[in-house]
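data29.txt, holding compact mmCIF, C-alpha atoms:
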```txt
# COMPACT_ATOMS: atom_id res chain seq x y z
CA MET A 1385 9.58 33.20 -19.55
CA GLN A 1386 12.10 33.04 -16.78
CA ARG A 1387 11.95 29.96 -14.57
CA ARG A 1388 12.15 30.57 -10.84
CA PRO A 1389 13.33 27.90 -8.41
CA LEU A 1390 10.70 26.69 -5.95
CA SER A 1391 12.73 24.04 -4.19
CA SER A 1392 16.17 23.65 -2.76
CA LYS A 1393 18.78 21.35 -4.28
CA LEU A 1394 19.83 20.32 -0.74
CA ILE A 1395 23.52 20.43 -1.65
CA ILE A 1396 24.77 20.91 1.93
CA ALA A 1397 22.48 18.16 3.25
CA LYS A 1398 23.72 15.79 0.54
CA ILE A 1399 27.36 16.58 1.32
CA MET A 1400 26.70 16.00 5.03
CA VAL A 1401 25.06 12.63 4.31
CA ILE A 1402 28.03 11.55 2.18
CA ILE A 1403 30.46 12.57 4.94
CA PHE A 1404 28.29 10.81 7.57
CA ILE A 1405 28.21 7.61 5.52
CA GLY A 1406 31.98 7.79 5.00
CA VAL A 1407 32.70 8.28 8.71
CA ILE A 1408 30.32 5.50 9.75
CA THR A 1409 31.86 3.15 7.17
CA LEU A 1410 35.36 3.90 8.43
CA VAL A 1411 34.33 3.36 12.06
CA LEU A 1412 32.52 0.10 11.29
CA PHE A 1413 35.34 -1.42 9.28
CA SER A 1414 38.24 -0.15 11.36
CA SER A 1415 37.02 -1.34 14.76
CA PRO A 1416 36.27 -4.89 15.75
CA SER A 1417 32.52 -4.80 16.24
CA SER A 1418 29.90 -7.48 16.35
CA PRO A 1419 27.89 -8.33 13.22
CA GLU A 1420 24.63 -7.27 14.93
CA VAL A 1421 25.72 -3.64 14.58
CA PHE A 1422 26.12 -3.76 10.80
CA LEU A 1423 22.49 -4.36 9.81
CA PRO A 1424 20.90 -1.49 11.78
CA VAL A 1425 23.63 0.93 10.70
CA ILE A 1426 23.34 -0.09 7.05
CA LEU A 1427 19.53 0.25 7.22
CA LEU A 1428 19.86 3.69 8.82
CA MET A 1429 22.35 4.87 6.19
CA THR A 1430 20.13 3.52 3.40
CA GLY A 1431 17.04 5.27 4.81
CA ILE A 1432 18.80 8.60 5.24
CA SER A 1433 20.29 8.39 1.74
CA TYR A 1434 16.92 7.59 0.19
CA PHE A 1435 15.23 10.42 2.10
CA ILE A 1436 17.80 13.04 1.09
CA PHE A 1437 18.66 11.95 -2.46
CA TYR A 1438 15.45 10.51 -3.92
CA VAL A 1439 12.32 11.75 -2.12
CA PRO A 1440 12.51 15.51 -2.72
CA VAL A 1441 12.61 16.64 -6.34
CA TYR A 1442 13.88 19.91 -7.74
CA ILE A 1443 11.06 22.15 -8.97
CA GLU A 1444 11.07 25.35 -10.99
CA TYR A 1445 8.10 27.38 -12.15
CA ASN A 1446 7.03 30.33 -14.24
CA THR A 1447 3.67 32.01 -14.78
CA ASP A 1448 2.23 29.09 -16.77
CA LYS A 1449 3.99 25.87 -15.82
CA MET A 1450 5.72 23.94 -13.07
CA TYR A 1451 8.86 22.02 -14.09
CA ILE A 1452 9.87 18.86 -12.24
CA VAL A 1453 13.58 18.47 -12.85
CA ARG A 1454 14.93 14.97 -12.29
CA TRP A 1455 18.34 13.47 -12.95
CA LEU A 1456 17.93 12.95 -16.72
CA SER A 1457 14.55 14.47 -17.55
CA THR A 1458 12.28 17.44 -17.02
CA GLN A 1459 8.51 17.18 -16.82
CA ASP A 1460 6.34 20.25 -17.28
CA ILE A 1461 2.93 20.55 -15.61
CA ASP A 1462 0.37 23.27 -16.30
CA LEU A 1463 -0.36 25.27 -13.16
CA GLN A 1464 -4.09 24.77 -13.74
CA ASP A 1465 -3.58 20.99 -13.25
CA ILE A 1466 -2.31 21.50 -9.68
CA TYR A 1467 -5.09 21.01 -7.13
CA PHE A 1468 -3.35 20.67 -3.73
CA VAL A 1469 -0.21 22.06 -2.09
CA GLN A 1470 0.54 20.95 1.47
CA MET A 1471 3.32 21.64 3.94
CA MET A 1472 4.35 18.43 5.65
CA MET A 1473 5.56 18.02 9.21
CA THR A 1474 8.84 16.51 7.97
CA ARG A 1475 11.85 18.82 7.76
CA ILE A 1476 15.33 18.68 6.34
CA GLY A 1477 17.39 21.07 8.39
CA GLN A 1478 15.43 24.32 8.64
CA ARG A 1479 13.31 23.63 5.55
CA TYR A 1480 9.95 21.89 5.36
CA LEU A 1481 8.99 19.23 2.87
CA TRP A 1482 5.97 20.11 0.75
CA ARG A 1483 3.64 17.90 -1.26
CA ILE A 1484 2.09 18.97 -4.56
CA LYS A 1485 -0.77 16.97 -6.04
CA PHE A 1486 -1.65 17.41 -9.69
CA LYS A 1487 -3.26 15.72 -12.67
CA SER A 1488 -1.03 14.39 -15.42
CA ASN A 1489 -2.35 12.39 -18.38
CA GLY A 1490 -5.65 11.88 -16.56
CA LYS A 1491 -4.00 10.39 -13.46
CA ASP A 1492 -3.45 11.86 -10.01
CA ARG A 1493 0.23 12.36 -9.27
CA GLU A 1494 2.21 13.89 -6.46
CA VAL A 1495 5.73 15.10 -5.83
CA MET A 1496 7.52 16.22 -2.72
CA PHE A 1497 10.04 19.01 -2.54
CA CYS A 1498 12.03 20.86 0.07
CA GLU A 1499 11.23 24.57 0.07
CA ARG A 1500 13.84 27.05 -1.00
CA TYR A 1501 12.27 29.92 0.94
CA PHE A 1502 8.80 30.11 2.40
CA SER A 1503 7.99 33.24 0.39
CA THR A 1504 8.61 31.42 -2.91
CA VAL A 1505 5.94 28.86 -1.94
CA ASP A 1506 3.49 31.70 -1.29
CA ASN A 1507 4.30 33.29 -4.66
CA PHE A 1508 3.94 29.92 -6.38
CA PHE A 1509 0.59 29.25 -4.77
CA ALA A 1510 -0.69 32.70 -5.77
CA LEU A 1511 0.07 31.79 -9.40
CA VAL A 1512 -1.58 28.36 -8.96
CA GLN A 1513 -4.66 29.98 -7.40
CA ALA A 1514 -4.92 32.41 -10.33
CA LYS A 1515 -4.89 29.50 -12.81
CA ASN A 1516 -7.00 27.11 -10.70
CA PRO A 1517 -9.22 28.87 -8.11
CA LYS A 1518 -10.33 25.49 -6.69
CA ALA A 1519 -6.79 24.57 -5.64
CA LYS A 1520 -6.23 24.09 -1.91
CA PHE A 1521 -3.21 25.21 0.08
CA ALA A 1522 -2.35 23.83 3.53
CA LYS A 1523 0.42 25.61 5.45
CA PHE A 1524 0.25 23.13 8.30
CA SER A 1525 0.30 19.42 9.02
CA TRP A 1526 -1.04 17.61 12.06
CA SER A 1527 0.44 14.23 11.30
CA PHE A 1528 3.80 12.75 10.45
CA ASP A 1529 3.17 11.97 6.82
CA PHE A 1530 5.80 10.72 4.46
```

Could you express the structure from this file as C-alpha cells?
Amino acid sequence: MQRRPLSSKLIIAKIMVIIFIGVITLVLFSSPSSPEVFLPVILLMTGISYFIFYVPVYIEYNTDKMYIVRWLSTQDIDLQDIYFVQMMMTRIGQRYLWRIKFKSNGKDREVMFCERYFSTVDNFFALVQAKNPKAKFAKFSWSFDF
C-alpha cells in the first residue's frame, strides 16, 4: 500500500535555522563583544536547533499503519494502537505541532510532528477512528505544552 506523508520535513525552517546560526556566529566572532552575550546566544541557538531538528519527527501512514521515520530507522505502528491525537499551541511557521499518543510493546509512547496540511491530519484521524473507535482527537489546545 502506498504511504502518504502526514508531516512536513521542515526543510525551509531547517535551512533558515542554519543560516541564522551562521549569521549569529559571524556577528559574535567578528565584533568585540562582552562574554556575557555569548552564553544567552549559544543557549538560544541550541534551543532553536533542538526544537527544529529533533522534536518533530517525519511520519507517513497508509490504511493499516503509521510509520515514524527517523534518521537511521523506521518504526511502524498499527493504527489501532493510536489512542490520542492532539493539536498543540506551538507552531513552526504556519504549521502546528501535533502530538500522537500510542501503545508500543505494552508501553505508552508519544511523538510530535509538524503537520504537512491540515486536511491530511483529518484523513489520518478518520483512518485511526475506523481502526480504533475509542481514539480521541483534539483540534485545539488551551495551554502552551511542549

Within 10 Å of segment 1399-1415 of chain A, counting all atoms listed in the file, which residues show up once you throw out same-chain ones fewer than 4 positions away? Write them as a CSV table (one decimal) with C-alpha atoms, keeping the file's coordinate frame, please.
```
chain,number,residue,atom,x,y,z
A,1394,LEU,CA,19.8,20.3,-0.7
A,1395,ILE,CA,23.5,20.4,-1.6
A,1419,PRO,CA,27.9,-8.3,13.2
A,1421,VAL,CA,25.7,-3.6,14.6
A,1422,PHE,CA,26.1,-3.8,10.8
A,1425,VAL,CA,23.6,0.9,10.7
A,1426,ILE,CA,23.3,-0.1,7.0
A,1428,LEU,CA,19.9,3.7,8.8
A,1429,MET,CA,22.4,4.9,6.2
A,1430,THR,CA,20.1,3.5,3.4
A,1432,ILE,CA,18.8,8.6,5.2
A,1433,SER,CA,20.3,8.4,1.7
A,1436,ILE,CA,17.8,13.0,1.1
A,1437,PHE,CA,18.7,12.0,-2.5
```

Under the rule that all atoms listed in the file are counted, which of A:Leu1511, A:Pro1416, A:Val1495, A:Phe1435 is the nearest residue to Asp1462 of chain A?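 So, comparing all the options, the nearest one is A:Leu1511.
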
Quote the spacing between atom CA of Phe1508 of chain A and atom CA of Gln1386 of chain A in Å to one decimal place.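 According to the coordinates, atom CA of Phe1508 of chain A and atom CA of Gln1386 of chain A are separated by 13.6 Å.
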
One residue among A:Asp1492, A:Asp1465, A:Glu1499, A:Asp1506 is nearest to Pro1389 of chain A when using all atoms listed in the file, and that residue is A:Glu1499

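Atom CA of Arg1493 of chain A sits 13.4 Å away from atom CA of Met1450 of chain A.
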
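Checking A:Ile1452, A:Cys1498, A:Gly1431, A:Lys1487 one by one against Ser1392 of chain A, counting only C-alpha atoms, you find the shortest gap at A:Cys1498.
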
Go ahead and compute the interatomic distance for atom CA of Val1441 of chain A and atom CA of Phe1497 of chain A, in Å to one decimal.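 We find that atom CA of Val1441 of chain A and atom CA of Phe1497 of chain A lie 5.2 Å from each other.
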
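Minimum distance to Gln1470 of chain A across A:Tyr1438, A:Lys1491, A:Val1512, A:Met1496 (counting all atoms listed in the file) occurs at A:Met1496.
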
From the options A:Ile1443, A:Val1453, A:Met1385, A:Ala1510, which residue's atoms come nearest to Ile1484 of chain A, counting all atoms listed in the file?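 Checking each candidate against Ile1484 of chain A, we get A:Ile1443 as the closest.
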
Skip Pro1517 of chain A itself and residues of its chain fewer than 4 positions away, then list as an NGL selection string all residues within 9 Å of it, counting only C-alpha atoms. :A and (1464 or 1467 or 1512-1513)

Could you turn the residues from that selection into a file that holds C-alpha atoms, as a PDB file, in the frame of the given file?
```pdb
ATOM      1  CA  GLN A1464      -4.090  24.770 -13.740  1.00  0.00           C
ATOM      2  CA  TYR A1467      -5.090  21.010  -7.130  1.00  0.00           C
ATOM      3  CA  VAL A1512      -1.580  28.360  -8.960  1.00  0.00           C
ATOM      4  CA  GLN A1513      -4.660  29.980  -7.400  1.00  0.00           C
TER       5      GLN A1513
END
```

Around the point (3.8, 20.7, -0.8) in the file's coordinates, collect all residues with an atom within 12 Å, using all atoms listed in the file, and return them as a PyMOL selection string. chain A and resi 1390-1391+1440-1441+1443+1466-1475+1479-1486+1494-1500+1502+1504-1506+1508-1509+1520-1525+1529-1530

For Gln1478 of chain A, which residue among A:Tyr1501, A:Thr1458, A:Arg1388, A:Val1439 is the nearest when counting all atoms listed in the file?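 Selected residue with least distance to Gln1478 of chain A: A:Tyr1501.
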